[in-house]
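Engineer: One structure follows; several queries about it will come next.
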Amino acid sequence: MRKFTSLLVILIFMSIISQAQTSSKGYSRYLKNEYDKAYDYFRDALMDNEHDVIANYGMGLLYSNNTFSKYDNFKAFEYIQKAKEDVIKLNDKDLADLNKIVPDVKSVILKENEAVDNKLAEQITKTPT
């Protein structure tokens with residue numbers, strides 16, 4: 001039983017590391033303007049954990065980028081909101097870990113949330129009724 005418990009702990013730890021690496025790879029691809037690859041990494045990370053802050057933030061960045069093939073301010077808003085909701089719940093250690101991927105991640109997400117909100121409001125006010 002003890003071996004089983006140890007194995008289970010190791011598998012859970014490896015899964016958490018894998019999720020973080022997937023998000024990190026996605027963010028790295030985003031920074032290199034490899035949007036389709038970034039999308040795949042973020043999507044995979046969110047399939048494993050829908051509360052992955054970096055993956056939600058990354059999807060928000062992608063969808064708010066008008067050069068991305070799936071550009072959609074409404075989806076950008078949804079993902080950035082999710083990232084915002086989850087980042088404010090993080091403890092200091094988890095926040096410090098995310099800051100290694102995206103420096104000052106909490107402030108960056110809050111600013112991006114405002115920017116996406118403004119883009120969406122502008123889009124809605126320009127849409128004919």
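Naming works like this for the structure tokens: A, B, ... for the chains as they're shown, residue 1 at the start of each chain, ligands 1 onward in shown order.
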Could you list, with a cut-off of 8 Å and counting only C-alpha atoms, the residues of range 52-87 of chain A near range 19-32 of chain A, each shown with its nearest atom pair and the distance in Å rounded to one decimal, rows sorted by chain and ascending number, as a tab-separated table?
Structural biologist:
```
residue	atom	partner	partner_atom	distance
A:Asp52	CA	A:Ser23	CA	7.8
A:Ile54	CA	A:Ser23	CA	5.9
A:Ala55	CA	A:Ser23	CA	5.3
A:Gly58	CA	A:Tyr27	CA	6.3
A:Leu62	CA	A:Tyr30	CA	7.7
```
Engineer: With range 118-121 of chain A as the partner and 10 Å as the cut-off, tabulate the residues of range 68-98 of chain A that qualify, each row holding the nearest pair of atoms and their distance in Å to one decimal, using only C-alpha atoms, sorted by chain and rising number, as CSV.
Structural biologist:
```
residue,atom,partner,partner_atom,distance
A:Asp72,CA,A:Leu120,CA,9.3
A:Asn73,CA,A:Leu120,CA,5.8
A:Phe74,CA,A:Leu120,CA,6.8
A:Lys75,CA,A:Leu120,CA,10.0
A:Ala76,CA,A:Leu120,CA,8.9
A:Phe77,CA,A:Leu120,CA,7.5
```
Engineer: Write to file, as an mmCIF file, in the first residue's frame, the residues of the selection just made, with N, CA, C and O atoms.
Structural biologist:
```cif
data_model
loop_
_atom_site.group_PDB
_atom_site.id
_atom_site.type_symbol
_atom_site.label_atom_id
_atom_site.label_comp_id
_atom_site.auth_asym_id
_atom_site.auth_seq_id
_atom_site.Cartn_x
_atom_site.Cartn_y
_atom_site.Cartn_z
ATOM 1 N N ASP A 72 -11.549 36.910 -31.909
ATOM 2 C CA ASP A 72 -12.910 37.009 -31.385
ATOM 3 C C ASP A 72 -12.835 37.710 -30.023
ATOM 4 O O ASP A 72 -12.419 37.110 -29.033
ATOM 5 N N ASN A 73 -13.234 38.966 -29.978
ATOM 6 C CA ASN A 73 -13.157 39.725 -28.728
ATOM 7 C C ASN A 73 -14.056 39.170 -27.631
ATOM 8 O O ASN A 73 -13.749 39.309 -26.445
ATOM 9 N N PHE A 74 -15.163 38.548 -28.006
ATOM 10 C CA PHE A 74 -16.044 37.966 -26.998
ATOM 11 C C PHE A 74 -15.352 36.792 -26.291
ATOM 12 O O PHE A 74 -15.400 36.682 -25.070
ATOM 13 N N LYS A 75 -14.713 35.935 -27.073
ATOM 14 C CA LYS A 75 -13.973 34.818 -26.472
ATOM 15 C C LYS A 75 -12.772 35.331 -25.685
ATOM 16 O O LYS A 75 -12.452 34.802 -24.617
ATOM 17 N N ALA A 76 -12.102 36.353 -26.204
ATOM 18 C CA ALA A 76 -10.967 36.944 -25.492
ATOM 19 C C ALA A 76 -11.415 37.406 -24.107
ATOM 20 O O ALA A 76 -10.747 37.138 -23.105
ATOM 21 N N PHE A 77 -12.552 38.070 -24.063
ATOM 22 C CA PHE A 77 -13.089 38.565 -22.798
ATOM 23 C C PHE A 77 -13.345 37.410 -21.830
ATOM 24 O O PHE A 77 -12.997 37.486 -20.652
#
```
Engineer: Point out the residue among A:Thr125, A:Ile88, A:Asp97, A:Ile109 with the least atom-to-atom distance to Met59 in chain A, counting only C-alpha atoms.
Structural biologist: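 Of all the options, A:Ile109 lies closest to Met59 in chain A.
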Engineer: Would you work out the distance separating CA of Lys82 in chain A from CA of Glu50 in chain A, expressed in Å to one decimal?
Structural biologist: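 Rounded to one decimal, the two atoms are 9.0 Å apart.
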Engineer: In range 31-113 of chain A, what's helix (DSSP H, G or I) per DSSP? Answer as a JSON list (two decimals) with C-alpha atoms, in the first residue's frame?
Structural biologist:
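Result file follows (out-v4.json):
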```json
[["chain", "number", "residue", "atom", "x", "y", "z"],
["A", 31, "LEU", "CA", 5.72, 35.50, -27.83],
["A", 35, "TYR", "CA", -0.21, 31.56, -32.70],
["A", 36, "ASP", "CA", -1.55, 28.23, -33.93],
["A", 37, "LYS", "CA", 1.06, 26.30, -31.93],
["A", 38, "ALA", "CA", 0.38, 28.48, -28.89],
["A", 39, "TYR", "CA", -3.33, 27.80, -29.27],
["A", 40, "ASP", "CA", -2.71, 24.03, -29.26],
["A", 41, "TYR", "CA", -0.61, 24.23, -26.09],
["A", 42, "PHE", "CA", -3.12, 26.44, -24.28],
["A", 43, "ARG", "CA", -6.04, 24.26, -25.37],
["A", 44, "ASP", "CA", -4.27, 21.13, -24.10],
["A", 45, "ALA", "CA", -3.43, 22.79, -20.79],
["A", 46, "LEU", "CA", -7.06, 23.85, -20.33],
["A", 47, "MET", "CA", -8.27, 20.34, -21.10],
["A", 48, "ASP", "CA", -6.18, 19.17, -18.14],
["A", 53, "VAL", "CA", -4.16, 30.95, -15.26],
["A", 54, "ILE", "CA", -1.44, 31.13, -17.93],
["A", 55, "ALA", "CA", -3.46, 29.10, -20.44],
["A", 56, "ASN", "CA", -6.58, 31.25, -19.91],
["A", 57, "TYR", "CA", -4.51, 34.41, -20.16],
["A", 58, "GLY", "CA", -2.83, 33.09, -23.30],
["A", 59, "MET", "CA", -6.13, 32.21, -24.94],
["A", 60, "GLY", "CA", -7.36, 35.69, -24.12],
["A", 61, "LEU", "CA", -4.29, 37.20, -25.74],
["A", 62, "LEU", "CA", -4.75, 35.05, -28.83],
["A", 63, "TYR", "CA", -8.43, 35.79, -29.31],
["A", 64, "SER", "CA", -7.88, 39.53, -28.79],
["A", 73, "ASN", "CA", -13.16, 39.73, -28.73],
["A", 74, "PHE", "CA", -16.04, 37.97, -27.00],
["A", 75, "LYS", "CA", -13.97, 34.82, -26.47],
["A", 76, "ALA", "CA", -10.97, 36.94, -25.49],
["A", 77, "PHE", "CA", -13.09, 38.57, -22.80],
["A", 78, "GLU", "CA", -14.24, 35.17, -21.46],
["A", 79, "TYR", "CA", -10.71, 33.80, -21.19],
["A", 80, "ILE", "CA", -9.21, 36.94, -19.68],
["A", 81, "GLN", "CA", -12.05, 37.08, -17.14],
["A", 82, "LYS", "CA", -11.36, 33.48, -16.15],
["A", 83, "ALA", "CA", -7.63, 34.24, -15.79],
["A", 84, "LYS", "CA", -8.47, 37.30, -13.68],
["A", 85, "GLU", "CA", -10.85, 35.35, -11.42],
["A", 86, "ASP", "CA", -8.28, 32.61, -10.87],
["A", 87, "VAL", "CA", -5.15, 34.75, -10.47],
["A", 92, "ASP", "CA", 1.90, 33.73, -2.75],
["A", 93, "LYS", "CA", 3.87, 30.61, -3.71],
["A", 94, "ASP", "CA", 1.70, 29.82, -6.75],
["A", 95, "LEU", "CA", 1.78, 33.45, -7.80],
["A", 96, "ALA", "CA", 5.58, 33.48, -7.53],
["A", 97, "ASP", "CA", 5.74, 30.36, -9.72],
["A", 98, "LEU", "CA", 3.59, 32.02, -12.39],
["A", 99, "ASN", "CA", 5.70, 35.19, -12.21],
["A", 105, "VAL", "CA", 1.42, 38.16, -13.92],
["A", 106, "LYS", "CA", -1.35, 39.51, -11.71],
["A", 107, "SER", "CA", -0.88, 43.12, -12.84],
["A", 108, "VAL", "CA", -0.43, 42.05, -16.46],
["A", 109, "ILE", "CA", -3.70, 40.09, -16.42],
["A", 110, "LEU", "CA", -5.60, 42.94, -14.77],
["A", 111, "LYS", "CA", -4.30, 45.40, -17.40],
["A", 112, "GLU", "CA", -5.12, 43.00, -20.24],
["A", 113, "ASN", "CA", -8.59, 42.51, -18.78]]
```
Engineer: Using only C-alpha atoms for the distances, tell me which of A:Glu114, A:Gln123, A:Leu90, A:Asn33 is nearest to Asn65 in chain A.
Structural biologist: A:Asn33
